[in-house]
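Okay, upload_31.pdb is below, PDB, C-alpha atoms:
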ATOM      1  CA  MET A 174      -8.812 -64.915 -20.689
ATOM      2  CA  ALA A 175      -7.394 -62.736 -17.918
ATOM      3  CA  VAL A 176      -3.651 -62.995 -17.337
ATOM      4  CA  LEU A 177      -2.257 -61.722 -14.040
ATOM      5  CA  LEU A 178       1.422 -61.535 -13.191
ATOM      6  CA  TYR A 179       2.290 -61.285  -9.510
ATOM      7  CA  GLN A 180       5.619 -59.506  -9.478
ATOM      8  CA  LEU A 181       8.201 -57.223  -8.004
ATOM      9  CA  PRO A 182       8.437 -54.597 -10.762
ATOM     10  CA  HIS A 183      12.229 -54.300 -10.546
ATOM     11  CA  SER A 184      12.944 -58.015 -10.168
ATOM     12  CA  PRO A 185      15.473 -59.502 -12.625
ATOM     13  CA  TYR A 186      13.292 -62.633 -12.646
ATOM     14  CA  CYS A 187      10.009 -60.811 -13.287
ATOM     15  CA  LEU A 188      11.267 -58.356 -15.914
ATOM     16  CA  PRO A 189      12.030 -61.151 -18.436
ATOM     17  CA  ILE A 190       8.451 -62.385 -18.055
ATOM     18  CA  THR A 191       6.840 -58.983 -18.604
ATOM     19  CA  ARG A 192       9.057 -58.373 -21.635
ATOM     20  CA  ALA A 193       8.378 -61.830 -23.092
ATOM     21  CA  LEU A 194       4.624 -61.377 -22.682
ATOM     22  CA  GLY A 195       4.893 -57.976 -24.367
ATOM     23  CA  ALA A 196       6.986 -59.401 -27.217
ATOM     24  CA  LEU A 197       4.350 -62.089 -27.783
ATOM     25  CA  GLY A 198       1.493 -59.574 -27.702
ATOM     26  CA  VAL A 199      -0.103 -61.077 -24.585
ATOM     27  CA  ALA A 200      -2.210 -58.604 -22.630
ATOM     28  CA  PHE A 201      -1.678 -58.963 -18.889
ATOM     29  CA  GLU A 202      -2.091 -57.101 -15.620
ATOM     30  CA  GLY A 203       0.829 -56.752 -13.254
ATOM     31  CA  VAL A 204       0.056 -57.180  -9.558
ATOM     32  CA  ASP A 205       2.860 -55.686  -7.458
ATOM     33  CA  ILE A 206       3.822 -57.580  -4.303
ATOM     34  CA  SER A 207       5.522 -56.162  -1.227
ATOM     35  CA  ASN A 208       9.085 -57.398  -0.907
ATOM     36  CA  ALA A 209       8.547 -57.646   2.837
ATOM     37  CA  ASP A 210       5.104 -59.289   2.845
ATOM     38  CA  ARG A 211       4.552 -62.284   0.564
ATOM     39  CA  SER A 212       1.257 -63.308   2.208
ATOM     40  CA  VAL A 213      -0.633 -62.772  -1.063
ATOM     41  CA  ILE A 214       1.548 -65.356  -2.816
ATOM     42  CA  ILE A 215       1.439 -67.750   0.128
ATOM     43  CA  ARG A 216      -2.370 -67.675   0.244
ATOM     44  CA  LEU A 217      -2.657 -67.833  -3.538
ATOM     45  CA  THR A 218      -0.528 -70.990  -3.712
ATOM     46  CA  HIS A 219      -1.930 -72.484  -0.478
ATOM     47  CA  GLY A 220       1.473 -72.307   1.129
ATOM     48  CA  ALA A 221       3.358 -73.979  -1.714
ATOM     49  CA  TYR A 222       5.342 -70.905  -2.770
ATOM     50  CA  TYR A 223       6.288 -67.412  -1.625
ATOM     51  CA  GLN A 224       8.448 -65.968  -4.401
ATOM     52  CA  VAL A 225       7.721 -64.209  -7.674
ATOM     53  CA  PRO A 226       6.899 -64.338 -10.515
ATOM     54  CA  VAL A 227       3.578 -66.161 -10.280
ATOM     55  CA  LEU A 228       1.383 -66.255 -13.377
ATOM     56  CA  ALA A 229      -2.385 -66.663 -13.137
ATOM     57  CA  HIS A 230      -4.083 -67.617 -16.384
ATOM     58  CA  ASP A 231      -7.608 -68.911 -16.870
ATOM     59  CA  GLY A 232      -7.815 -70.294 -13.345
ATOM     60  CA  THR A 233      -4.336 -71.855 -13.516
ATOM     61  CA  LEU A 234      -1.415 -70.774 -11.336
ATOM     62  CA  VAL A 235       2.104 -71.174 -12.703
ATOM     63  CA  TYR A 236       5.238 -70.815 -10.579
ATOM     64  CA  ASP A 237       8.505 -72.664 -10.140
ATOM     65  CA  GLY A 238       7.728 -76.189  -9.050
ATOM     66  CA  SER A 239       4.077 -76.071 -10.091
ATOM     67  CA  ASP A 240       4.837 -78.405 -13.052
ATOM     68  CA  VAL A 241       2.047 -76.773 -15.054
ATOM     69  CA  ALA A 242       4.331 -76.183 -18.035
ATOM     70  CA  ALA A 243       5.011 -79.905 -18.256
ATOM     71  CA  GLU A 244       1.288 -80.681 -18.070
ATOM     72  CA  VAL A 245       0.553 -78.191 -20.845
ATOM     73  CA  THR A 246       3.211 -79.857 -22.972
ATOM     74  CA  ARG A 247       1.766 -83.307 -22.311
ATOM     75  CA  ARG A 248      -1.589 -82.033 -23.581
ATOM     76  CA  THR A 249      -0.233 -80.249 -26.644
ATOM     77  CA  VAL A 250       2.687 -82.379 -27.903
ATOM     78  CA  PRO A 251       1.522 -85.472 -29.817
ATOM     79  CA  ALA A 252       2.271 -88.725 -28.030
ATOM     80  CA  ASP A 253       4.099 -90.020 -31.096
ATOM     81  CA  SER A 254       6.185 -86.870 -31.499
ATOM     82  CA  ALA A 255       9.698 -87.791 -32.560
ATOM     83  CA  ALA A 256      11.227 -84.873 -30.669
ATOM     84  CA  PRO A 257       9.427 -83.987 -27.433
ATOM     85  CA  PRO A 258      10.993 -81.054 -25.586
ATOM     86  CA  PRO A 259      13.941 -82.417 -23.586
ATOM     87  CA  HIS A 260      13.132 -80.461 -20.433
ATOM     88  CA  VAL A 261       9.485 -81.446 -19.993
ATOM     89  CA  GLY A 262       8.927 -81.961 -16.289
ATOM     90  CA  ALA A 263      12.489 -80.967 -15.406
ATOM     91  CA  SER A 264      13.089 -78.683 -12.440
ATOM     92  CA  ASP A 265      15.112 -76.059 -14.289
ATOM     93  CA  GLY A 266      13.456 -73.111 -12.526
ATOM     94  CA  LEU A 267      11.815 -71.911 -15.735
ATOM     95  CA  ASP A 268       8.243 -73.088 -15.240
ATOM     96  CA  VAL A 269       6.711 -69.680 -15.940
ATOM     97  CA  PRO A 270       8.568 -68.882 -19.185
ATOM     98  CA  ARG A 271       8.109 -72.465 -20.413
ATOM     99  CA  TYR A 272       4.364 -72.177 -19.791
ATOM    100  CA  ILE A 273       4.292 -68.890 -21.700
ATOM    101  CA  ASP A 274       6.203 -70.545 -24.534
ATOM    102  CA  ARG A 275       3.779 -73.489 -24.743
ATOM    103  CA  VAL A 276       0.613 -71.396 -24.549
ATOM    104  CA  TRP A 277       1.556 -68.315 -26.585
ATOM    105  CA  GLY A 278       5.110 -68.652 -27.864
ATOM    106  CA  ARG A 279       4.810 -71.650 -30.209
ATOM    107  CA  GLY A 280       8.288 -72.757 -29.209
ATOM    108  CA  ARG A 281      10.002 -69.486 -30.013
ATOM    109  CA  LEU A 282      11.376 -68.911 -26.521
ATOM    110  CA  PHE A 283      12.711 -72.454 -26.191
ATOM    111  CA  PRO A 284      13.346 -73.799 -29.701
ATOM    112  CA  LEU A 285      14.497 -77.408 -29.644
ATOM    113  CA  GLU A 286      17.700 -76.671 -31.535
ATOM    114  CA  HIS A 287      18.836 -74.302 -28.772
ATOM    115  CA  GLU A 288      17.837 -76.342 -25.706
ATOM    116  CA  GLY A 289      21.418 -77.398 -25.009
ATOM    117  CA  VAL A 290      23.010 -73.974 -25.231
ATOM    118  CA  GLN A 291      20.152 -72.345 -23.292
ATOM    119  CA  ALA A 292      20.608 -74.927 -20.547
ATOM    120  CA  ILE A 293      24.111 -73.461 -20.175
ATOM    121  CA  LEU A 294      23.364 -69.785 -20.849
ATOM    122  CA  VAL A 295      20.265 -69.158 -18.751
ATOM    123  CA  PRO A 296      21.639 -70.522 -15.432
ATOM    124  CA  HIS A 297      24.810 -68.488 -16.019
ATOM    125  CA  ILE A 298      22.753 -65.341 -16.648
ATOM    126  CA  GLU A 299      20.431 -65.924 -13.696
ATOM    127  CA  GLY A 300      23.320 -66.986 -11.474
ATOM    128  CA  GLU A 301      26.705 -65.353 -11.943
ATOM    129  CA  ILE A 302      25.568 -62.356 -14.021
ATOM    130  CA  GLU A 303      22.549 -61.558 -11.834
ATOM    131  CA  GLY A 304      24.691 -62.078  -8.748
ATOM    132  CA  ALA A 305      27.105 -59.416  -9.965
ATOM    133  CA  THR A 306      24.436 -56.840 -10.816
ATOM    134  CA  PHE A 307      21.530 -56.971  -8.351
ATOM    135  CA  LYS A 308      23.671 -55.596  -5.527
ATOM    136  CA  LEU A 309      24.379 -52.498  -7.627
ATOM    137  CA  THR A 310      20.621 -51.933  -7.780
ATOM    138  CA  ASP A 311      19.932 -52.798  -4.153
ATOM    139  CA  VAL A 312      22.133 -49.964  -2.865
ATOM    140  CA  HIS A 313      19.551 -47.633  -4.442
ATOM    141  CA  TYR A 314      16.432 -49.775  -4.109
ATOM    142  CA  VAL A 315      16.520 -50.483  -0.374
ATOM    143  CA  PRO A 316      16.851 -46.822   0.774
ATOM    144  CA  ALA A 317      14.149 -45.820  -1.735
ATOM    145  CA  ILE A 318      11.473 -48.008  -0.094
ATOM    146  CA  ALA A 319       9.115 -45.415   1.383
ATOM    147  CA  ASP A 320       7.390 -47.569   3.982
ATOM    148  CA  LEU A 321       9.593 -47.917   7.068
ATOM    149  CA  VAL A 322       8.440 -51.436   7.964
ATOM    150  CA  GLU A 323       8.895 -52.727   4.431
ATOM    151  CA  ARG A 324      12.305 -51.063   4.163
ATOM    152  CA  VAL A 325      13.543 -52.558   7.437
ATOM    153  CA  MET A 326      12.138 -56.011   6.681
ATOM    154  CA  THR A 327      13.702 -55.972   3.213
ATOM    155  CA  LEU A 328      17.046 -54.952   4.690
ATOM    156  CA  ARG A 329      16.840 -57.682   7.321
ATOM    157  CA  HIS A 330      16.103 -60.232   4.595
ATOM    158  CA  LYS A 331      19.234 -59.100   2.722
ATOM    159  CA  GLU A 332      21.348 -59.190   5.886
ATOM    160  CA  ARG A 333      20.174 -62.663   6.873
ATOM    161  CA  ARG A 334      21.483 -63.916   3.538
ATOM    162  CA  PHE A 335      24.536 -61.737   2.927
ATOM    163  CA  GLY A 336      25.570 -60.551   6.380
ATOM    164  CA  ARG A 337      25.001 -57.540   8.580
ATOM    165  CA  GLY A 338      25.785 -54.249   6.849
ATOM    166  CA  CYS A 339      25.848 -55.876   3.397
ATOM    167  CA  VAL A 340      24.055 -53.028   1.615
ATOM    168  CA  ASP A 341      26.474 -50.470   3.053
ATOM    169  CA  GLN A 342      29.380 -52.661   1.968
ATOM    170  CA  TRP A 343      27.982 -52.928  -1.557
ATOM    171  CA  ARG A 344      27.742 -49.148  -1.654
ATOM    172  CA  THR A 345      31.396 -48.876  -0.640
ATOM    173  CA  ASP A 346      32.417 -51.432  -3.267
ATOM    174  CA  HIS A 347      30.155 -50.022  -5.983
ATOM    175  CA  VAL A 348      32.911 -48.958  -8.416
ATOM    176  CA  ALA A 349      34.753 -52.279  -8.264
ATOM    177  CA  MET A 350      31.516 -54.247  -8.504
ATOM    178  CA  SER A 351      30.429 -52.221 -11.549
ATOM    179  CA  ALA A 352      33.723 -52.973 -13.271
ATOM    180  CA  ARG A 353      33.383 -56.688 -12.560
ATOM    181  CA  ALA A 354      29.820 -56.727 -13.921
ATOM    182  CA  ALA A 355      30.959 -55.026 -17.132
ATOM    183  CA  THR A 356      33.747 -57.593 -17.537
ATOM    184  CA  LEU A 357      31.306 -60.477 -17.142
ATOM    185  CA  LEU A 358      29.146 -58.988 -19.899
ATOM    186  CA  VAL A 359      31.942 -58.793 -22.489
ATOM    187  CA  PRO A 360      31.269 -62.318 -23.866
ATOM    188  CA  PHE A 361      27.633 -61.405 -24.477
ATOM    189  CA  ASP A 362      28.731 -58.352 -26.438
ATOM    190  CA  ALA A 363      30.947 -60.658 -28.534
ATOM    191  CA  MET A 364      28.031 -63.043 -29.146
ATOM    192  CA  LEU A 365      26.283 -60.234 -31.008
ATOM    193  CA  ILE A 366      28.962 -59.885 -33.675
ATOM    194  CA  GLY A 367      27.121 -60.418 -36.950
ATOM    195  CA  GLN A 368      23.698 -61.183 -35.470
ATOM    196  CA  PRO A 369      20.978 -59.118 -33.762
ATOM    197  CA  PHE A 370      20.277 -61.483 -30.851
ATOM    198  CA  LEU A 371      22.301 -63.879 -28.740
ATOM    199  CA  LEU A 372      21.577 -67.007 -30.780
ATOM    200  CA  GLY A 373      20.453 -65.644 -34.118
ATOM    201  CA  GLU A 374      17.868 -63.557 -35.894
ATOM    202  CA  GLN A 375      15.206 -63.699 -33.165
ATOM    203  CA  PRO A 376      15.450 -63.619 -29.386
ATOM    204  CA  VAL A 377      15.100 -66.787 -27.341
ATOM    205  CA  TYR A 378      14.587 -66.989 -23.605
ATOM    206  CA  ALA A 379      18.287 -66.379 -22.893
ATOM    207  CA  ASP A 380      17.829 -62.935 -24.459
ATOM    208  CA  PHE A 381      14.890 -62.196 -22.186
ATOM    209  CA  ALA A 382      16.762 -63.472 -19.123
ATOM    210  CA  LEU A 383      19.719 -61.201 -19.873
ATOM    211  CA  TYR A 384      17.365 -58.327 -20.627
ATOM    212  CA  GLY A 385      15.821 -58.781 -17.175
ATOM    213  CA  VAL A 386      19.207 -58.608 -15.464
ATOM    214  CA  LEU A 387      20.165 -55.421 -17.322
ATOM    215  CA  ALA A 388      16.726 -53.856 -16.916
ATOM    216  CA  ASN A 389      17.073 -54.467 -13.179
ATOM    217  CA  LEU A 390      20.553 -52.925 -13.198
ATOM    218  CA  THR A 391      19.341 -49.772 -14.974
ATOM    219  CA  TYR A 392      15.943 -49.623 -13.221
ATOM    220  CA  ASN A 393      14.845 -46.043 -12.496
ATOM    221  CA  ASP A 394      18.161 -44.931 -14.040
ATOM    222  CA  TRP A 395      19.829 -45.878 -10.764
ATOM    223  CA  ASN A 396      22.821 -47.242 -12.664
ATOM    224  CA  PRO A 397      24.071 -46.409 -16.163
ATOM    225  CA  PHE A 398      24.277 -49.088 -18.804
ATOM    226  CA  PRO A 399      27.762 -50.651 -18.526
ATOM    227  CA  PRO A 400      30.244 -48.821 -20.765
ATOM    228  CA  GLY A 401      32.349 -50.351 -23.524
ATOM    229  CA  LEU A 402      29.656 -52.759 -24.726
ATOM    230  CA  PRO A 403      28.275 -51.113 -27.893
ATOM    231  CA  ARG A 404      26.686 -54.198 -29.431
ATOM    232  CA  LEU A 405      25.040 -55.133 -26.145
ATOM    233  CA  ALA A 406      23.730 -51.574 -25.743
ATOM    234  CA  ASP A 407      22.161 -51.743 -29.218
ATOM    235  CA  TRP A 408      20.716 -55.183 -28.411
ATOM    236  CA  PHE A 409      19.227 -53.826 -25.176
ATOM    237  CA  ALA A 410      17.466 -51.071 -27.107
ATOM    238  CA  ARG A 411      16.073 -53.657 -29.562
ATOM    239  CA  MET A 412      14.884 -55.892 -26.735
ATOM    240  CA  LYS A 413      12.906 -53.045 -25.146
ATOM    241  CA  THR A 414      10.524 -52.845 -28.103
ATOM    242  CA  PHE A 415      10.841 -56.217 -29.841
ATOM    243  CA  ARG A 416       7.609 -57.903 -30.994
ATOM    244  CA  PHE A 417       7.428 -61.314 -32.602
ATOM    245  CA  ALA A 418       5.785 -61.301 -36.019
TER
END
Target encoding structure tokens, full file:
Amino acid sequence: MAVLLYQLPHSPYCLPITRALGALGVAFEGVDISNADRSVIIRLTHGAYYQVPVLAHDGTLVYDGSDVAAEVTRRTVPADSAAPPPHVGASDGLDVPRYIDRVWGRGRLFPLEHEGVQAILVPHIEGEIEGATFKLTDVHYVPAIADLVERVMTLRHKERRFGRGCVDQWRTDHVAMSARAATLLVPFDAMLIGQPFLLGEQPVYADFALYGVLANLTYNDWNPFPPGLPRLADWFARMKTFRFA
């Protein structure tokens, strides 16, 4: 069955999905979306959504709020199961990876025993950590947009949210922001003492979420990998090529 992923290639929310699909051996086609024109997504979802990622699989569209992951779980988890996944139907913003986990992952991305800690880790990664790193990428990404209209519209989108001249300010503050990002990553480096992945011998979705943030940071070699984090650097190299058995 064809699998399409509507994405921004550098997005810290799309990169975990492409890496998770690759780790699970799922063949897919990436469909790149303009950051300034989301009309494809709007038409595809009949106006219900405009962001990425959006996953199309066998006639089914999956995106945050689509609740498809919960429906898949209802079909696949026995009604008398003693331990149904705690987050079925919950709006945790992880509809796409949860769908991938139910269809192809066999619970490896969201194992029940790690639901609690992932409920803490993933929002922290996608919130505070991503918030400290994406600006370091945007100072390179926005000027690199070749199309004038797309570049201006992307800049205006950033300025509506973060204030006029925000990208220039991030460029000015780049050194201090890089240092803060590295500091925020120190606990993740410590988590890797004695184990290859954040929560054990195999990666879970928190690993893929953090991979996406760091892959965004280092996209196109625009930023170096943060220094002083040797275990995290080794983990990042493992995550690039990891395949589940």
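Restricting the calculation to all atoms listed in the file, the smallest distance between Phe417 of chain A and any of A:Glu299, A:Gly304, A:Val377, A:Leu234 is found for A:Val377.
Of the residues listed (A:Tyr186, A:Asp311, A:Asp205, A:Leu390), A:Asp311 shows the shortest atom-to-atom separation from Arg324 of chain A; distances use all atoms listed in the file.
Taking atom CA of Val290 of chain A and atom CA of Pro189 of chain A as the two end points, the separation is 18.2 Å.
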Atom CA of Pro182 of chain A sits from atom CA of Asp210 of chain A at a separation of 14.8 Å
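On the file presented, the PyMOL selection byres ((chain A and resi 178) around 9) picks out Val176, Leu177, Tyr179, Gln180, Cys187, Ile190, Thr191, Phe201, Glu202, Gly203, Val204, Asp205, Val225, Pro226, Val227, Leu228, Ala229 and His230 of chain A.
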Would you work out the distance separating atom CA of Ser212 of chain A from atom CA of Gly238 of chain A, expressed in Å to one decimal?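 Answer for the atom CA of Ser212 of chain A to atom CA of Gly238 of chain A separation: 18.3 Å.
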With only C-alpha atoms as the basis for distance, which of A:Val325, A:Met412, A:Leu402, A:Ile293 is at the shortest distance from Ala363 of chain A?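 Checking each candidate against Ala363 of chain A, we get A:Leu402 as the closest.
Of the residues under consideration (A:Val276, A:Val213, A:Ile298, A:Leu267), A:Ile298 shows the shortest atom-to-atom contact distance to Leu358 of chain A when counting all atoms listed in the file.
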Can you report as JSON the centre and edge lengths in Å, to one decimal, of an axis-aligned box around the listed atoms of segment 358-374 of chain A padded with 4 Å on each side?
{"center_x": 24.9, "center_y": -62.7, "center_z": -28.4, "size_x": 22.1, "size_y": 16.7, "size_z": 25.1}
I'd like to know which of A:Ala355, A:His183, A:Val340, A:Leu294 is closest to Pro397 of chain A, using all atoms listed in the file. A:Ala355
Take the PyMOL selection byres ((chain A and resi 295) around 12), run it mentally on this structure, and tell me the resulting residues as a CSV table (one decimal) with C-alpha atoms, keeping the file's coordinate frame.
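part20.csv, written as the output of this step:
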chain,number,residue,atom,x,y,z
A,186,TYR,CA,13.3,-62.6,-12.6
A,189,PRO,CA,12.0,-61.2,-18.4
A,265,ASP,CA,15.1,-76.1,-14.3
A,266,GLY,CA,13.5,-73.1,-12.5
A,267,LEU,CA,11.8,-71.9,-15.7
A,270,PRO,CA,8.6,-68.9,-19.2
A,282,LEU,CA,11.4,-68.9,-26.5
A,283,PHE,CA,12.7,-72.5,-26.2
A,287,HIS,CA,18.8,-74.3,-28.8
A,288,GLU,CA,17.8,-76.3,-25.7
A,289,GLY,CA,21.4,-77.4,-25.0
A,290,VAL,CA,23.0,-74.0,-25.2
A,291,GLN,CA,20.2,-72.3,-23.3
A,292,ALA,CA,20.6,-74.9,-20.5
A,293,ILE,CA,24.1,-73.5,-20.2
A,294,LEU,CA,23.4,-69.8,-20.8
A,296,PRO,CA,21.6,-70.5,-15.4
A,297,HIS,CA,24.8,-68.5,-16.0
A,298,ILE,CA,22.8,-65.3,-16.6
A,299,GLU,CA,20.4,-65.9,-13.7
A,300,GLY,CA,23.3,-67.0,-11.5
A,301,GLU,CA,26.7,-65.4,-11.9
A,302,ILE,CA,25.6,-62.4,-14.0
A,303,GLU,CA,22.5,-61.6,-11.8
A,371,LEU,CA,22.3,-63.9,-28.7
A,377,VAL,CA,15.1,-66.8,-27.3
A,378,TYR,CA,14.6,-67.0,-23.6
A,379,ALA,CA,18.3,-66.4,-22.9
A,380,ASP,CA,17.8,-62.9,-24.5
A,381,PHE,CA,14.9,-62.2,-22.2
A,382,ALA,CA,16.8,-63.5,-19.1
A,383,LEU,CA,19.7,-61.2,-19.9
A,384,TYR,CA,17.4,-58.3,-20.6
A,385,GLY,CA,15.8,-58.8,-17.2
A,386,VAL,CA,19.2,-58.6,-15.5
Got a sec: who's within 9 Å of Tyr314 of chain A, counting all atoms listed in the file, leaving out chain neighbours fewer than 4 positions off, as a PDB file with C-alpha atoms, keeping the file's coordinate frame?
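That gives us around27.pdb:
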ATOM      1  CA  HIS A 183      12.229 -54.300 -10.546  1.00  0.00           C
ATOM      2  CA  THR A 310      20.621 -51.933  -7.780  1.00  0.00           C
ATOM      3  CA  ILE A 318      11.473 -48.008  -0.094  1.00  0.00           C
ATOM      4  CA  TRP A 395      19.829 -45.878 -10.764  1.00  0.00           C
TER       5      TRP A 395
END
Can you work out which one of A:Met326, A:Val312, A:Leu357, A:Ala319 has the shortest atom-to-atom distance to Gln342 of chain A, counting all atoms listed in the file? A:Val312
Using the chain letters and numbers from the file, give me the residues hit by the PyMOL selection byres ((chain A and resi 219-221) around 12), as a JSON list (two decimals) with C-alpha atoms, in the frame of the given file.
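Final file, selection15.json:
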[["chain", "number", "residue", "atom", "x", "y", "z"],
["A", 211, "ARG", "CA", 4.55, -62.28, 0.56],
["A", 212, "SER", "CA", 1.26, -63.31, 2.21],
["A", 213, "VAL", "CA", -0.63, -62.77, -1.06],
["A", 214, "ILE", "CA", 1.55, -65.36, -2.82],
["A", 215, "ILE", "CA", 1.44, -67.75, 0.13],
["A", 216, "ARG", "CA", -2.37, -67.68, 0.24],
["A", 217, "LEU", "CA", -2.66, -67.83, -3.54],
["A", 218, "THR", "CA", -0.53, -70.99, -3.71],
["A", 222, "TYR", "CA", 5.34, -70.90, -2.77],
["A", 223, "TYR", "CA", 6.29, -67.41, -1.62],
["A", 224, "GLN", "CA", 8.45, -65.97, -4.40],
["A", 227, "VAL", "CA", 3.58, -66.16, -10.28],
["A", 234, "LEU", "CA", -1.42, -70.77, -11.34],
["A", 235, "VAL", "CA", 2.10, -71.17, -12.70],
["A", 236, "TYR", "CA", 5.24, -70.82, -10.58],
["A", 237, "ASP", "CA", 8.51, -72.66, -10.14],
["A", 238, "GLY", "CA", 7.73, -76.19, -9.05],
["A", 239, "SER", "CA", 4.08, -76.07, -10.09]]
For Gly198 of chain A: contacts at 8 Å, only C-alpha atoms, fewer than 3 positions along chain excluded, given as a list of chain:residue names: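 So the residues in contact are A:Leu194, A:Gly195, A:Arg416, A:Phe417.
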